[in-house]
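Below is one structure, written out as structure tokens, with a few remarks after it.
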Number of protein chains: 2
Amino acid sequence: MVLEPQAQSIPRMIAVELQQGTVSLAARPVPSRAEGHALIRMRHAGICSTDLQLQRGYYNFSGTPGHEFVGEVVACGDEKWLGRLVAGEINLACNDCDWCRRGLRRHCPNRTVLGIVKHPGAFAEFLTLPECNLHALPDGVPAEMCIFIEPLAAACEILDQVAIPAGATVGVLGDGKLGLLVAQVLRLSGLQVHLFGRHVDKMRLLEPLGIGVERANGALPRMAYDYVVDATGSASGLEAAIAMTRPRGTLILKSTVHGAVTIDTAAVIVHEITLVGSRCGRFEAALQFLLAGRLILAPLIHDRFPLRQAPAAFARAAEKGVLKVLLENE
Amino acid sequence: MVLEPQAQSIPRMIAVELQQGTVSLAARPVPSRAEGHALIRMRHAGICSTDLQLQRGYYNFSGTPGHEFVGEVVACGDEKWLGRLVAGEINLACNDCDWCRRGLRRHCPNRTVLGIVKHPGAFAEFLTLPECNLHALPDGVPAEMCIFIEPLAAACEILDQVAIPAGATVGVLGDGKLGLLVAQVLRLSGLQVHLFGRHVDKMRLLEPLGIGVERANGALPRMAYDYVVDATGSASGLEAAIAMTRPRGTLILKSTVHGAVTIDTAAVIVHEITLVGSRCGRFEAALQFLLAGRLILAPLIHDRFPLRQAPAAFARAAEKGVLKVLLENE
């Protein structure tokens, strides 16, 4: 049910379009707001590795991507949201199935996903989301930093899925955007973290938190950690992560999705390794980390582009070694 | 330290030899018994899928295979074992490392493995094992049936690794020897079991236990079970098992090892599936199942050969649809 009837001249907006690998800009109608949904004016959005994968054809995606954002609510049903700056959970659940009733809305089989599955994303001047997906930004945290809430929630998901004993040492493989957030979330949760990656300069940003930095060129330690996180997003990274895991250990697959990958099941079976697929997480947990104020986030933002320069922003984000690139709509 | 000094004419025995895919018989010295080890006269031994894989070159194996056996202790240090019928745990641990001290002798990094890694196996007239690896056969259970203790322990390992809620339904994929044992152990532990395989005649053997039998030709159910066991030993089986697992579900890799396999990590990550590699288990748990007397084992023995006909026995065991083949030394 559409609450705002369209005027005769439908208001239009700028939206990013992904089509067969090409990033372009399009004039699109401002989306109509279904019942229970809010219309949000995007302020900042982050380009995620998943967006780059969508560009490469993952999910046969075409449309407007973008799922890391903060924005201002400009129309809504529950007026408490009006004018507020919000972040939003990306899974739009049906709220009516067994999964939703069990509180696992992120796994609702009927879900759409902002900017990924059948719901236009945040790389546009406006987007819609159900009001129940919204979270007000925490006081005292710069709005721009709140684009990290979604990937931080994904990092926090590890702690919801795996009971890692306090003080244990975790090997984190991958110094991309997600790896750097995972390392921080685990370290600030009282774990020892050894971060393995190819870019010592990026990893050193995290040394003030007491994160051990290990250059991952050549031989990685074998059977060295009871807990390993693969945040490489690469097939060879997953293979290396399996080899790093001790017998009876747990390897968390915290990657942007990489599809069909060949793994050595012999090692997994003989060493009785547990592999845990890990995706989106609770925003509440991420907000707690942001509020605590100890995360090192600002240096992870490598560039900013106005929304209208989205093609250049995508190209920049795809450069080797580049971390978060923002799209701005201020 | 060798306790029985070799006589000038060293006693010899018949042993099976695997060499580059060929099964042959050889005359070998009766093995000398190291301190703390027992010398065991093999009575019955079972050919396992792993043995067939060793024949195909897995582990670059050459030597005497065999790890499922029962036999009589003919020489030992602790005389309580002398003359007893025993089964034996297959991992020979160092008893001196962190793993051993933590009670995880099956994962001792210094271990050898009976008939698999650097310790001559049970397909011979005699074998040796540490006395601490031995288990006396339970009273009232035919000795022949006790060759199932080792694979039953591997089936029981699932329950030690994964806390499956009472009454839950488990999908078991694979109707080979291990799949049929896994299905029984889970069913007799109070779980509902749906067994998927290609041989309805074999699966129907288990119907008296209330195990649901599903023919696995064509479409398998997708995202249907919170708990799935892959006992197919095949790459395509593992792929199907992943597809059968519900979001947030657990898939136990209970296979003879199949090495490098391509899996869809996208499904594992997006559905946050947990994969659990599972290998050897505790003999104590297996003995409890044997003692309880409810397992359907006799129909799983499809053939018996004298040790001297081992080449024919291996050929028989490799035939499609053939379950357990025994080697006898009576």
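As shown in the structure tokens, the chain order sets the letters A, B, ...; within each chain, residues go from 1, and ligands are also counted from 1 in the order they appear.
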At most 8 Å to chain B: residues in chain A, only C-alpha atoms, as a ChimeraX atom specification: /A:107,247,253-255,257-279
Glu125 (chain A) surroundings by only C-alpha atoms, 8 Å radius, close-in-sequence under 6 positions cut, as a list in words: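 So the residues in contact are Met13, Ile14, Ala15, Arg41, Met42, Leu307 and Asn329 of chain A.
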Contact residues around Ile296 (chain A) with only C-alpha atoms at 8 Å, ignoring same-chain residues under 6 positions, as a list in words: Gln184, Leu205 and Leu206 of chain A
Would you output that residue set with N, CA and C atoms, as an mmCIF file, in the first residue's frame?
data_model
loop_
_atom_site.group_PDB
_atom_site.id
_atom_site.type_symbol
_atom_site.label_atom_id
_atom_site.label_comp_id
_atom_site.auth_asym_id
_atom_site.auth_seq_id
_atom_site.Cartn_x
_atom_site.Cartn_y
_atom_site.Cartn_z
ATOM 1 N N GLN A 184 39.496 -5.527 15.092
ATOM 2 C CA GLN A 184 39.221 -4.576 16.178
ATOM 3 C C GLN A 184 38.120 -5.074 17.109
ATOM 4 N N LEU A 205 47.908 0.516 11.498
ATOM 5 C CA LEU A 205 46.921 1.454 12.044
ATOM 6 C C LEU A 205 46.286 0.899 13.313
ATOM 7 N N LEU A 206 46.242 -0.428 13.398
ATOM 8 C CA LEU A 206 45.534 -1.049 14.524
ATOM 9 C C LEU A 206 46.458 -1.378 15.691
#
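Minimum atom-to-atom distance to Phe289 (chain A), evaluated using only C-alpha atoms, belongs to A:Val141 out of A:Val141, A:Ala38, A:Val229, A:Cys97.
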Spatial neighbours of Thr128 (chain B), max dist 12 Å, only C-alpha atoms, sep filter under 5 positions, as a VMD selection string: chain B and resid 2 30 to 42 67 69 71 to 76 86 to 90 92 113 to 115 119 to 123 133 to 134
Since we have the selection now, will you write its residues out, keeping N, CA and C atoms, as a short mmCIF file (atom, residue, chain, number, x, y, z; two decimals), in the first residue's frame?
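File produced: result_21.cif:
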data_model
loop_
_atom_site.label_atom_id
_atom_site.label_comp_id
_atom_site.auth_asym_id
_atom_site.auth_seq_id
_atom_site.Cartn_x
_atom_site.Cartn_y
_atom_site.Cartn_z
N VAL B 2 62.58 -53.47 22.47
CA VAL B 2 61.97 -54.73 22.03
C VAL B 2 62.07 -55.73 23.18
N VAL B 30 56.93 -61.55 11.90
CA VAL B 30 55.95 -61.18 12.92
C VAL B 30 56.47 -59.93 13.62
N PRO B 31 55.64 -58.87 13.77
CA PRO B 31 56.19 -57.61 14.31
C PRO B 31 56.70 -57.79 15.73
N SER B 32 57.78 -57.08 16.03
CA SER B 32 58.29 -57.12 17.40
C SER B 32 57.49 -56.14 18.25
N ARG B 33 57.36 -56.48 19.48
CA ARG B 33 56.45 -55.77 20.38
C ARG B 33 57.26 -54.76 21.20
N ALA B 34 57.01 -53.48 21.02
CA ALA B 34 57.69 -52.46 21.81
C ALA B 34 57.12 -52.44 23.23
N GLU B 35 57.84 -51.80 24.12
CA GLU B 35 57.39 -51.72 25.51
C GLU B 35 56.00 -51.09 25.58
N GLY B 36 55.13 -51.68 26.37
CA GLY B 36 53.78 -51.14 26.51
C GLY B 36 52.84 -51.56 25.40
N HIS B 37 53.35 -52.31 24.43
CA HIS B 37 52.52 -52.76 23.31
C HIS B 37 52.13 -54.23 23.50
N ALA B 38 51.05 -54.59 22.87
CA ALA B 38 50.61 -55.99 22.84
C ALA B 38 50.81 -56.54 21.43
N LEU B 39 51.14 -57.82 21.37
CA LEU B 39 51.14 -58.52 20.09
C LEU B 39 49.79 -59.23 19.98
N ILE B 40 49.11 -59.00 18.87
CA ILE B 40 47.73 -59.45 18.72
C ILE B 40 47.62 -60.33 17.50
N ARG B 41 46.97 -61.49 17.67
CA ARG B 41 46.69 -62.35 16.52
C ARG B 41 45.34 -61.93 15.96
N MET B 42 45.34 -61.45 14.73
CA MET B 42 44.09 -60.98 14.11
C MET B 42 43.13 -62.14 13.94
N HIS B 67 42.48 -51.33 9.71
CA HIS B 67 42.35 -50.68 11.02
C HIS B 67 41.08 -51.09 11.75
N PHE B 69 39.44 -54.27 13.31
CA PHE B 69 39.82 -55.66 13.59
C PHE B 69 39.33 -56.08 14.97
N GLY B 71 40.97 -59.26 17.63
CA GLY B 71 42.03 -60.27 17.68
C GLY B 71 42.28 -60.70 19.11
N GLU B 72 43.19 -61.66 19.24
CA GLU B 72 43.52 -62.21 20.56
C GLU B 72 44.92 -61.77 20.94
N VAL B 73 45.06 -61.29 22.16
CA VAL B 73 46.37 -60.86 22.64
C VAL B 73 47.21 -62.11 22.92
N VAL B 74 48.36 -62.18 22.25
CA VAL B 74 49.22 -63.36 22.44
C VAL B 74 50.51 -63.02 23.17
N ALA B 75 50.83 -61.74 23.29
CA ALA B 75 51.98 -61.33 24.11
C ALA B 75 51.74 -59.90 24.55
N CYS B 76 52.13 -59.59 25.80
CA CYS B 76 51.84 -58.24 26.31
C CYS B 76 52.67 -58.00 27.56
N VAL B 86 40.21 -58.64 21.81
CA VAL B 86 40.21 -57.18 21.92
C VAL B 86 39.90 -56.52 20.58
N ALA B 87 39.41 -55.29 20.68
CA ALA B 87 39.45 -54.35 19.56
C ALA B 87 40.46 -53.28 19.97
N GLY B 88 40.86 -52.43 19.04
CA GLY B 88 41.89 -51.46 19.40
C GLY B 88 41.69 -50.12 18.74
N GLU B 89 41.93 -49.06 19.52
CA GLU B 89 41.89 -47.71 18.94
C GLU B 89 43.06 -47.55 17.98
N ILE B 90 42.82 -46.82 16.90
CA ILE B 90 43.76 -46.88 15.78
C ILE B 90 44.84 -45.80 15.83
N LEU B 92 47.93 -44.11 17.48
CA LEU B 92 48.99 -44.38 18.45
C LEU B 92 49.62 -43.04 18.81
N VAL B 113 49.12 -44.09 12.83
CA VAL B 113 47.75 -44.60 12.77
C VAL B 113 47.77 -46.01 12.18
N LEU B 114 47.18 -46.93 12.91
CA LEU B 114 47.16 -48.34 12.51
C LEU B 114 46.69 -48.51 11.07
N GLY B 115 47.58 -49.03 10.25
CA GLY B 115 47.19 -49.35 8.87
C GLY B 115 46.98 -48.15 7.98
N HIS B 119 52.22 -47.18 10.75
CA HIS B 119 52.12 -48.32 11.67
C HIS B 119 51.42 -49.45 10.93
N PRO B 120 52.09 -50.59 10.76
CA PRO B 120 51.52 -51.67 9.94
C PRO B 120 50.14 -52.07 10.47
N GLY B 121 49.23 -52.35 9.54
CA GLY B 121 47.84 -52.53 9.88
C GLY B 121 47.44 -53.95 10.21
N ALA B 122 46.14 -54.14 10.27
CA ALA B 122 45.55 -55.36 10.81
C ALA B 122 45.29 -56.42 9.75
N PHE B 123 45.56 -56.12 8.48
CA PHE B 123 45.35 -57.14 7.45
C PHE B 123 46.60 -58.01 7.38
N ASN B 133 45.61 -48.74 24.05
CA ASN B 133 44.64 -48.62 22.96
C ASN B 133 43.61 -49.74 22.95
N LEU B 134 43.80 -50.74 23.79
CA LEU B 134 42.96 -51.94 23.68
C LEU B 134 41.65 -51.80 24.45
#
Sel. of alpha helix (DSSP H) residues, region 149-248 of chain B, as a ChimeraX atom specification: /B:149-161,177-187,200-204,235-244
For the selection you just gave me, I'd like the residues written to a file as a short mmCIF file (atom, residue, chain, number, x, y, z; two decimals), in the first residue's frame, keeping N, CA, C and O atoms.
data_model
loop_
_atom_site.label_atom_id
_atom_site.label_comp_id
_atom_site.auth_asym_id
_atom_site.auth_seq_id
_atom_site.Cartn_x
_atom_site.Cartn_y
_atom_site.Cartn_z
N ILE B 149 33.22 -51.87 15.80
CA ILE B 149 33.45 -50.90 16.89
C ILE B 149 34.11 -49.64 16.36
O ILE B 149 33.70 -48.52 16.68
N GLU B 150 35.12 -49.81 15.53
CA GLU B 150 35.86 -48.62 15.06
C GLU B 150 34.95 -47.70 14.24
O GLU B 150 34.83 -46.50 14.55
N PRO B 151 34.25 -48.18 13.21
CA PRO B 151 33.37 -47.26 12.48
C PRO B 151 32.20 -46.76 13.33
O PRO B 151 31.74 -45.63 13.14
N LEU B 152 31.72 -47.60 14.27
CA LEU B 152 30.67 -47.11 15.17
C LEU B 152 31.18 -45.96 16.02
O LEU B 152 30.46 -44.97 16.25
N ALA B 153 32.43 -46.08 16.48
CA ALA B 153 33.01 -44.98 17.27
C ALA B 153 33.06 -43.71 16.42
O ALA B 153 32.77 -42.61 16.91
N ALA B 154 33.39 -43.88 15.14
CA ALA B 154 33.42 -42.71 14.24
C ALA B 154 32.02 -42.11 14.10
O ALA B 154 31.86 -40.90 14.04
N ALA B 155 31.00 -42.97 14.09
CA ALA B 155 29.62 -42.47 14.03
C ALA B 155 29.26 -41.74 15.33
O ALA B 155 28.65 -40.68 15.31
N CYS B 156 29.67 -42.32 16.45
CA CYS B 156 29.37 -41.71 17.75
C CYS B 156 30.05 -40.36 17.92
O CYS B 156 29.57 -39.50 18.68
N GLU B 157 31.16 -40.18 17.24
CA GLU B 157 31.90 -38.92 17.34
C GLU B 157 31.00 -37.72 17.02
O GLU B 157 31.16 -36.63 17.60
N ILE B 158 30.05 -37.92 16.13
CA ILE B 158 29.11 -36.84 15.79
C ILE B 158 28.46 -36.30 17.06
O ILE B 158 28.35 -35.08 17.26
N LEU B 159 28.02 -37.21 17.92
CA LEU B 159 27.29 -36.80 19.12
C LEU B 159 28.22 -36.14 20.13
O LEU B 159 27.79 -35.34 20.96
N ASP B 160 29.51 -36.48 20.08
CA ASP B 160 30.47 -35.81 20.96
C ASP B 160 30.78 -34.40 20.46
O ASP B 160 31.14 -33.53 21.24
N GLN B 161 30.66 -34.19 19.17
CA GLN B 161 31.04 -32.89 18.60
C GLN B 161 29.89 -31.90 18.54
O GLN B 161 30.10 -30.70 18.67
N LYS B 177 28.56 -48.07 4.08
CA LYS B 177 28.76 -48.69 5.40
C LYS B 177 28.64 -47.65 6.52
O LYS B 177 27.92 -47.86 7.49
N LEU B 178 29.35 -46.52 6.35
CA LEU B 178 29.37 -45.54 7.43
C LEU B 178 28.01 -44.85 7.56
O LEU B 178 27.53 -44.62 8.67
N GLY B 179 27.37 -44.54 6.44
CA GLY B 179 26.06 -43.91 6.49
C GLY B 179 25.05 -44.77 7.24
O GLY B 179 24.25 -44.26 8.03
N LEU B 180 25.09 -46.09 7.00
CA LEU B 180 24.14 -46.97 7.67
C LEU B 180 24.40 -47.05 9.17
O LEU B 180 23.46 -47.21 9.97
N LEU B 181 25.66 -46.94 9.56
CA LEU B 181 25.97 -46.94 11.00
C LEU B 181 25.60 -45.60 11.62
O LEU B 181 25.04 -45.54 12.73
N VAL B 182 25.91 -44.52 10.92
CA VAL B 182 25.57 -43.18 11.44
C VAL B 182 24.06 -43.08 11.66
O VAL B 182 23.60 -42.61 12.70
N ALA B 183 23.29 -43.53 10.67
CA ALA B 183 21.83 -43.44 10.78
C ALA B 183 21.35 -44.19 12.03
O ALA B 183 20.50 -43.70 12.77
N GLN B 184 21.92 -45.35 12.29
CA GLN B 184 21.49 -46.14 13.44
C GLN B 184 21.88 -45.49 14.76
O GLN B 184 21.08 -45.43 15.70
N VAL B 185 23.11 -45.02 14.83
CA VAL B 185 23.57 -44.40 16.09
C VAL B 185 22.71 -43.18 16.41
O VAL B 185 22.31 -42.98 17.57
N LEU B 186 22.40 -42.38 15.40
CA LEU B 186 21.59 -41.19 15.65
C LEU B 186 20.17 -41.58 16.05
O LEU B 186 19.59 -41.02 16.98
N ARG B 187 19.62 -42.56 15.34
CA ARG B 187 18.25 -42.97 15.64
C ARG B 187 18.14 -43.55 17.05
O ARG B 187 17.22 -43.22 17.80
N VAL B 200 17.79 -48.61 -2.12
CA VAL B 200 16.67 -48.72 -1.21
C VAL B 200 16.71 -50.04 -0.45
O VAL B 200 16.34 -50.11 0.73
N ASP B 201 17.18 -51.10 -1.11
CA ASP B 201 17.24 -52.41 -0.44
C ASP B 201 18.12 -52.35 0.80
O ASP B 201 17.78 -52.92 1.84
N LYS B 202 19.23 -51.65 0.70
CA LYS B 202 20.11 -51.56 1.87
C LYS B 202 19.49 -50.69 2.96
O LYS B 202 19.52 -51.02 4.14
N MET B 203 18.92 -49.57 2.53
CA MET B 203 18.37 -48.65 3.53
C MET B 203 17.19 -49.29 4.27
O MET B 203 17.00 -49.08 5.46
N ARG B 204 16.42 -50.10 3.53
CA ARG B 204 15.24 -50.73 4.14
C ARG B 204 15.62 -51.64 5.30
O ARG B 204 14.79 -51.92 6.18
N ALA B 235 32.30 -35.81 -3.81
CA ALA B 235 32.24 -34.36 -3.91
C ALA B 235 30.81 -33.91 -4.20
O ALA B 235 30.32 -32.94 -3.60
N SER B 236 30.11 -34.63 -5.08
CA SER B 236 28.75 -34.21 -5.40
C SER B 236 27.84 -34.41 -4.19
O SER B 236 26.87 -33.67 -3.99
N GLY B 237 28.15 -35.42 -3.38
CA GLY B 237 27.37 -35.64 -2.16
C GLY B 237 27.51 -34.48 -1.20
O GLY B 237 26.52 -34.03 -0.60
N LEU B 238 28.72 -33.99 -1.07
CA LEU B 238 28.93 -32.86 -0.15
C LEU B 238 28.16 -31.63 -0.64
O LEU B 238 27.52 -30.93 0.15
N GLU B 239 28.20 -31.40 -1.92
CA GLU B 239 27.47 -30.27 -2.50
C GLU B 239 25.97 -30.41 -2.22
O GLU B 239 25.31 -29.45 -1.82
N ALA B 240 25.45 -31.62 -2.42
CA ALA B 240 24.02 -31.85 -2.15
C ALA B 240 23.71 -31.66 -0.68
O ALA B 240 22.66 -31.13 -0.31
N ALA B 241 24.63 -32.09 0.18
CA ALA B 241 24.41 -31.97 1.62
C ALA B 241 24.35 -30.51 2.04
O ALA B 241 23.55 -30.13 2.90
N ILE B 242 25.20 -29.68 1.44
CA ILE B 242 25.16 -28.25 1.74
C ILE B 242 23.78 -27.69 1.35
O ILE B 242 23.16 -26.95 2.11
N ALA B 243 23.30 -28.09 0.19
CA ALA B 243 22.01 -27.57 -0.28
C ALA B 243 20.86 -28.06 0.60
O ALA B 243 19.84 -27.38 0.73
N MET B 244 21.00 -29.23 1.23
CA MET B 244 19.95 -29.77 2.09
C MET B 244 19.87 -29.07 3.45
O MET B 244 18.89 -29.20 4.17
#
DSSP strand (DSSP E or B) residues within region 142-324 of chain A, as a PyMOL selection string: chain A and resi 169-173+192-197+212-215+225-230+245-253+260-264+274-277+301-306+324
For the selection you just gave me, I'd like the residues written to a file as a short mmCIF file (atom, residue, chain, number, x, y, z; two decimals), in the first residue's frame, keeping C-alpha atoms.
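What landed in again-v4.cif:
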data_model
loop_
_atom_site.label_atom_id
_atom_site.label_comp_id
_atom_site.auth_asym_id
_atom_site.auth_seq_id
_atom_site.Cartn_x
_atom_site.Cartn_y
_atom_site.Cartn_z
CA THR A 169 44.23 -15.87 20.46
CA VAL A 170 42.50 -15.51 17.11
CA GLY A 171 44.28 -15.47 13.78
CA VAL A 172 42.59 -13.05 11.40
CA LEU A 173 43.55 -13.48 7.76
CA GLN A 192 44.32 -11.62 21.47
CA VAL A 193 44.43 -10.98 17.73
CA HIS A 194 47.15 -11.79 15.21
CA LEU A 195 46.27 -10.07 11.96
CA PHE A 196 47.77 -11.46 8.75
CA GLY A 197 47.76 -9.40 5.59
CA GLY A 212 49.67 -8.19 16.43
CA VAL A 213 50.56 -7.48 12.83
CA GLU A 214 51.95 -10.28 10.69
CA ARG A 215 52.97 -9.89 7.09
CA TYR A 225 45.30 -21.13 16.06
CA ASP A 226 42.24 -22.63 17.70
CA TYR A 227 40.22 -19.77 16.19
CA VAL A 228 40.81 -18.34 12.74
CA VAL A 229 38.80 -15.80 10.76
CA ASP A 230 39.08 -15.80 6.98
CA THR A 245 43.63 -23.80 12.04
CA ARG A 246 44.62 -26.26 14.75
CA PRO A 247 42.97 -29.68 15.00
CA ARG A 248 39.51 -29.33 16.58
CA GLY A 249 39.73 -25.61 15.88
CA THR A 250 37.11 -23.25 14.44
CA LEU A 251 37.46 -21.30 11.22
CA ILE A 252 34.95 -18.51 10.63
CA LEU A 253 34.22 -17.74 6.98
CA ALA A 260 32.60 -22.05 -5.76
CA VAL A 261 35.91 -22.67 -4.01
CA THR A 262 38.03 -25.79 -3.82
CA ILE A 263 38.96 -26.72 -0.29
CA ASP A 264 40.92 -29.59 1.20
CA THR A 274 34.63 -26.59 12.29
CA LEU A 275 33.90 -24.07 9.53
CA VAL A 276 31.33 -21.42 10.37
CA GLY A 277 29.75 -19.39 7.60
CA ILE A 301 38.14 5.99 4.97
CA HIS A 302 40.41 6.40 1.98
CA ASP A 303 38.31 8.60 -0.26
CA ARG A 304 35.01 10.47 -0.67
CA PHE A 305 33.06 11.24 -3.83
CA PRO A 306 29.79 13.04 -4.45
CA LYS A 324 36.54 2.45 2.42
#
